[in-house]
Amino acid sequence: MKKHLITFLVAFVACVAALYAYNQYQIRKFQTVAHLVEGLTLASSFKGPVAGYFAAEGRFPKTNAEAGLGPAQQYHGQSVTSVAVTAGGRIVVTFNDKSGIAGGTILLTPAALHGVDGNVSWECTSPSF
């Protein structure tokens with residue numbers, strides 16, 4: 001009987017440890033999603049100015065200033081360091097160390113829709129996630 005009780009206790013402790021580890025994994029996963037959402041929310045406010053510049057000029061802006069936006073560091077959040085427009089109208093969201101991937105980026109790349117004046121589609125990629 002004593003042997004079964006010890007086996008049961010060892011199995012119980014292993015289950016508790018596994019549940020704790022899984023819970024911590026889920027928390028980190030949720031936090032990563034929250035950081036991504038923050039970055040994409042900030043970047044979404046750049047889409048209109050970039051598309052508007054394209055509609056007016058026939059090309060994409062190369063900088064925040066060309067798109068009529070403030071400096072990249074002006075656009076930040078709890079886990080985002082900056083949001084910048086780069087060559088070809090690409091929107092680059094850079095994350096800080098609070099996000100868990102300091103210096104990591106999300107890239108939103110515009111593409112003109114052929115046959116539809118001024119309309120732009122967006123591709124979201126990331127070398128960091």
# chains A, B, ... in the order shown; residues from 1 in each chain; ligands from 1
$ select_by_dssp --residues "segment 19-129 of chain A" --states "strand (DSSP E)" --output "ChimeraX atom specification"
/A:80-85,91-95,105-112,120-125
$ residues_around --residues "Ser44 of chain A" --least-positions-apart "5" --cutoff "10 Å" --atoms "only C-alpha atoms" --output "PyMOL selection string"
chain A and resi 39+49+91+108
$ closest_residue --among "A:Val50, A:Ala112, A:Ile6, A:Leu36" --to "Phe95 of chain A" --atoms "only C-alpha atoms"
A:Leu36
$ atom_distance --atom1 "atom CA of Val85 of chain A" --atom2 "atom CA of Thr109 of chain A"
9.8 Å
$ closest_residue --among "A:Thr41, A:Ser121, A:Ser82, A:Asn64" --to "Asn96 of chain A" --atoms "only C-alpha atoms"
A:Ser82
$ residues_around --residues "Val80 of chain A" --least-positions-apart "2" --cutoff "12 Å" --atoms "only C-alpha atoms" --output "VMD selection string"
chain A and resid 34 to 43 72 to 78 82 to 84 92 to 106
$ write_last_selection --atoms "N, CA and C atoms" --output "mmCIF file, in the first residue's frame"
data_model
loop_
_atom_site.group_PDB
_atom_site.id
_atom_site.type_symbol
_atom_site.label_atom_id
_atom_site.label_comp_id
_atom_site.auth_asym_id
_atom_site.auth_seq_id
_atom_site.Cartn_x
_atom_site.Cartn_y
_atom_site.Cartn_z
ATOM 1 N N ALA A 34 -0.497 39.927 -27.664
ATOM 2 C CA ALA A 34 -0.824 41.304 -27.271
ATOM 3 C C ALA A 34 0.197 42.291 -27.836
ATOM 4 N N HIS A 35 1.480 41.921 -27.827
ATOM 5 C CA HIS A 35 2.512 42.792 -28.394
ATOM 6 C C HIS A 35 2.311 42.959 -29.899
ATOM 7 N N LEU A 36 1.999 41.870 -30.574
ATOM 8 C CA LEU A 36 1.759 41.940 -32.023
ATOM 9 C C LEU A 36 0.564 42.832 -32.334
ATOM 10 N N VAL A 37 -0.493 42.678 -31.581
ATOM 11 C CA VAL A 37 -1.697 43.495 -31.804
ATOM 12 C C VAL A 37 -1.380 44.969 -31.610
ATOM 13 N N GLU A 38 -0.604 45.287 -30.587
ATOM 14 C CA GLU A 38 -0.228 46.688 -30.366
ATOM 15 C C GLU A 38 0.527 47.233 -31.581
ATOM 16 N N GLY A 39 1.498 46.482 -32.069
ATOM 17 C CA GLY A 39 2.277 46.914 -33.227
ATOM 18 C C GLY A 39 1.433 47.076 -34.469
ATOM 19 N N LEU A 40 0.550 46.127 -34.725
ATOM 20 C CA LEU A 40 -0.300 46.207 -35.915
ATOM 21 C C LEU A 40 -1.314 47.343 -35.806
ATOM 22 N N THR A 41 -1.776 47.619 -34.606
ATOM 23 C CA THR A 41 -2.709 48.733 -34.407
ATOM 24 C C THR A 41 -2.025 50.059 -34.727
ATOM 25 N N LEU A 42 -0.803 50.224 -34.225
ATOM 26 C CA LEU A 42 -0.058 51.448 -34.539
ATOM 27 C C LEU A 42 0.207 51.549 -36.044
ATOM 28 N N ALA A 43 0.582 50.444 -36.662
ATOM 29 C CA ALA A 43 0.898 50.443 -38.100
ATOM 30 C C ALA A 43 -0.331 50.719 -38.959
ATOM 31 N N ALA A 72 9.511 58.656 -36.620
ATOM 32 C CA ALA A 72 9.203 57.262 -36.285
ATOM 33 C C ALA A 72 9.074 57.027 -34.785
ATOM 34 N N GLN A 73 9.938 57.659 -33.976
ATOM 35 C CA GLN A 73 9.920 57.448 -32.528
ATOM 36 C C GLN A 73 8.697 58.072 -31.857
ATOM 37 N N GLN A 74 8.008 58.935 -32.571
ATOM 38 C CA GLN A 74 6.784 59.545 -32.043
ATOM 39 C C GLN A 74 5.681 58.499 -31.908
ATOM 40 N N TYR A 75 5.759 57.454 -32.697
ATOM 41 C CA TYR A 75 4.748 56.398 -32.700
ATOM 42 C C TYR A 75 5.317 55.204 -31.945
ATOM 43 N N HIS A 76 4.936 55.078 -30.681
ATOM 44 C CA HIS A 76 5.462 54.009 -29.843
ATOM 45 C C HIS A 76 4.382 53.567 -28.875
ATOM 46 N N GLY A 77 4.658 52.479 -28.182
ATOM 47 C CA GLY A 77 3.711 51.964 -27.206
ATOM 48 C C GLY A 77 4.465 51.227 -26.114
ATOM 49 N N GLN A 78 3.759 50.395 -25.375
ATOM 50 C CA GLN A 78 4.388 49.665 -24.284
ATOM 51 C C GLN A 78 5.442 48.688 -24.793
ATOM 52 N N SER A 82 9.166 52.087 -32.327
ATOM 53 C CA SER A 82 8.905 53.061 -33.386
ATOM 54 C C SER A 82 8.124 52.420 -34.528
ATOM 55 N N VAL A 83 7.522 53.290 -35.340
ATOM 56 C CA VAL A 83 6.858 52.872 -36.575
ATOM 57 C C VAL A 83 7.360 53.819 -37.658
ATOM 58 N N ALA A 84 7.939 53.248 -38.721
ATOM 59 C CA ALA A 84 8.566 54.072 -39.755
ATOM 60 C C ALA A 84 8.122 53.652 -41.147
ATOM 61 N N VAL A 92 7.457 49.768 -41.154
ATOM 62 C CA VAL A 92 8.277 48.905 -40.290
ATOM 63 C C VAL A 92 7.957 49.222 -38.833
ATOM 64 N N VAL A 93 7.447 48.219 -38.117
ATOM 65 C CA VAL A 93 7.172 48.347 -36.688
ATOM 66 C C VAL A 93 8.331 47.673 -35.956
ATOM 67 N N THR A 94 9.000 48.424 -35.070
ATOM 68 C CA THR A 94 10.137 47.885 -34.316
ATOM 69 C C THR A 94 9.737 47.743 -32.848
ATOM 70 N N PHE A 95 10.026 46.574 -32.278
ATOM 71 C CA PHE A 95 9.633 46.260 -30.904
ATOM 72 C C PHE A 95 10.791 46.476 -29.932
ATOM 73 N N ASN A 96 10.447 46.772 -28.669
ATOM 74 C CA ASN A 96 11.453 46.977 -27.628
ATOM 75 C C ASN A 96 11.657 45.698 -26.815
ATOM 76 N N ASP A 97 12.470 45.768 -25.778
ATOM 77 C CA ASP A 97 12.774 44.573 -24.996
ATOM 78 C C ASP A 97 11.592 44.080 -24.161
ATOM 79 N N LYS A 98 10.616 44.936 -23.878
ATOM 80 C CA LYS A 98 9.439 44.496 -23.124
ATOM 81 C C LYS A 98 8.635 43.459 -23.920
ATOM 82 N N SER A 99 8.754 43.512 -25.242
ATOM 83 C CA SER A 99 8.027 42.571 -26.093
ATOM 84 C C SER A 99 8.643 41.174 -26.068
ATOM 85 N N GLY A 100 9.864 41.086 -25.555
ATOM 86 C CA GLY A 100 10.543 39.798 -25.551
ATOM 87 C C GLY A 100 11.395 39.570 -26.786
ATOM 88 N N ILE A 101 11.309 40.475 -27.755
ATOM 89 C CA ILE A 101 12.121 40.366 -28.971
ATOM 90 C C ILE A 101 12.672 41.744 -29.326
ATOM 91 N N ALA A 102 13.486 42.291 -28.469
ATOM 92 C CA ALA A 102 14.044 43.626 -28.675
ATOM 93 C C ALA A 102 14.637 43.743 -30.072
ATOM 94 N N GLY A 103 14.223 44.773 -30.797
ATOM 95 C CA GLY A 103 14.711 44.984 -32.154
ATOM 96 C C GLY A 103 13.955 44.185 -33.206
ATOM 97 N N GLY A 104 13.040 43.338 -32.781
ATOM 98 C CA GLY A 104 12.232 42.565 -33.730
ATOM 99 C C GLY A 104 11.313 43.476 -34.526
ATOM 100 N N THR A 105 10.926 43.046 -35.717
ATOM 101 C CA THR A 105 10.102 43.899 -36.577
ATOM 102 C C THR A 105 8.940 43.146 -37.208
ATOM 103 N N ILE A 106 7.929 43.931 -37.557
ATOM 104 C CA ILE A 106 6.842 43.499 -38.440
ATOM 105 C C ILE A 106 6.908 44.430 -39.640
#
$ atom_distance --atom1 "atom CA of Ala87 of chain A" --atom2 "atom CA of Val33 of chain A"
27.4 Å
$ atom_distance --atom1 "atom CA of Glu66 of chain A" --atom2 "atom CA of His114 of chain A"
23.1 Å
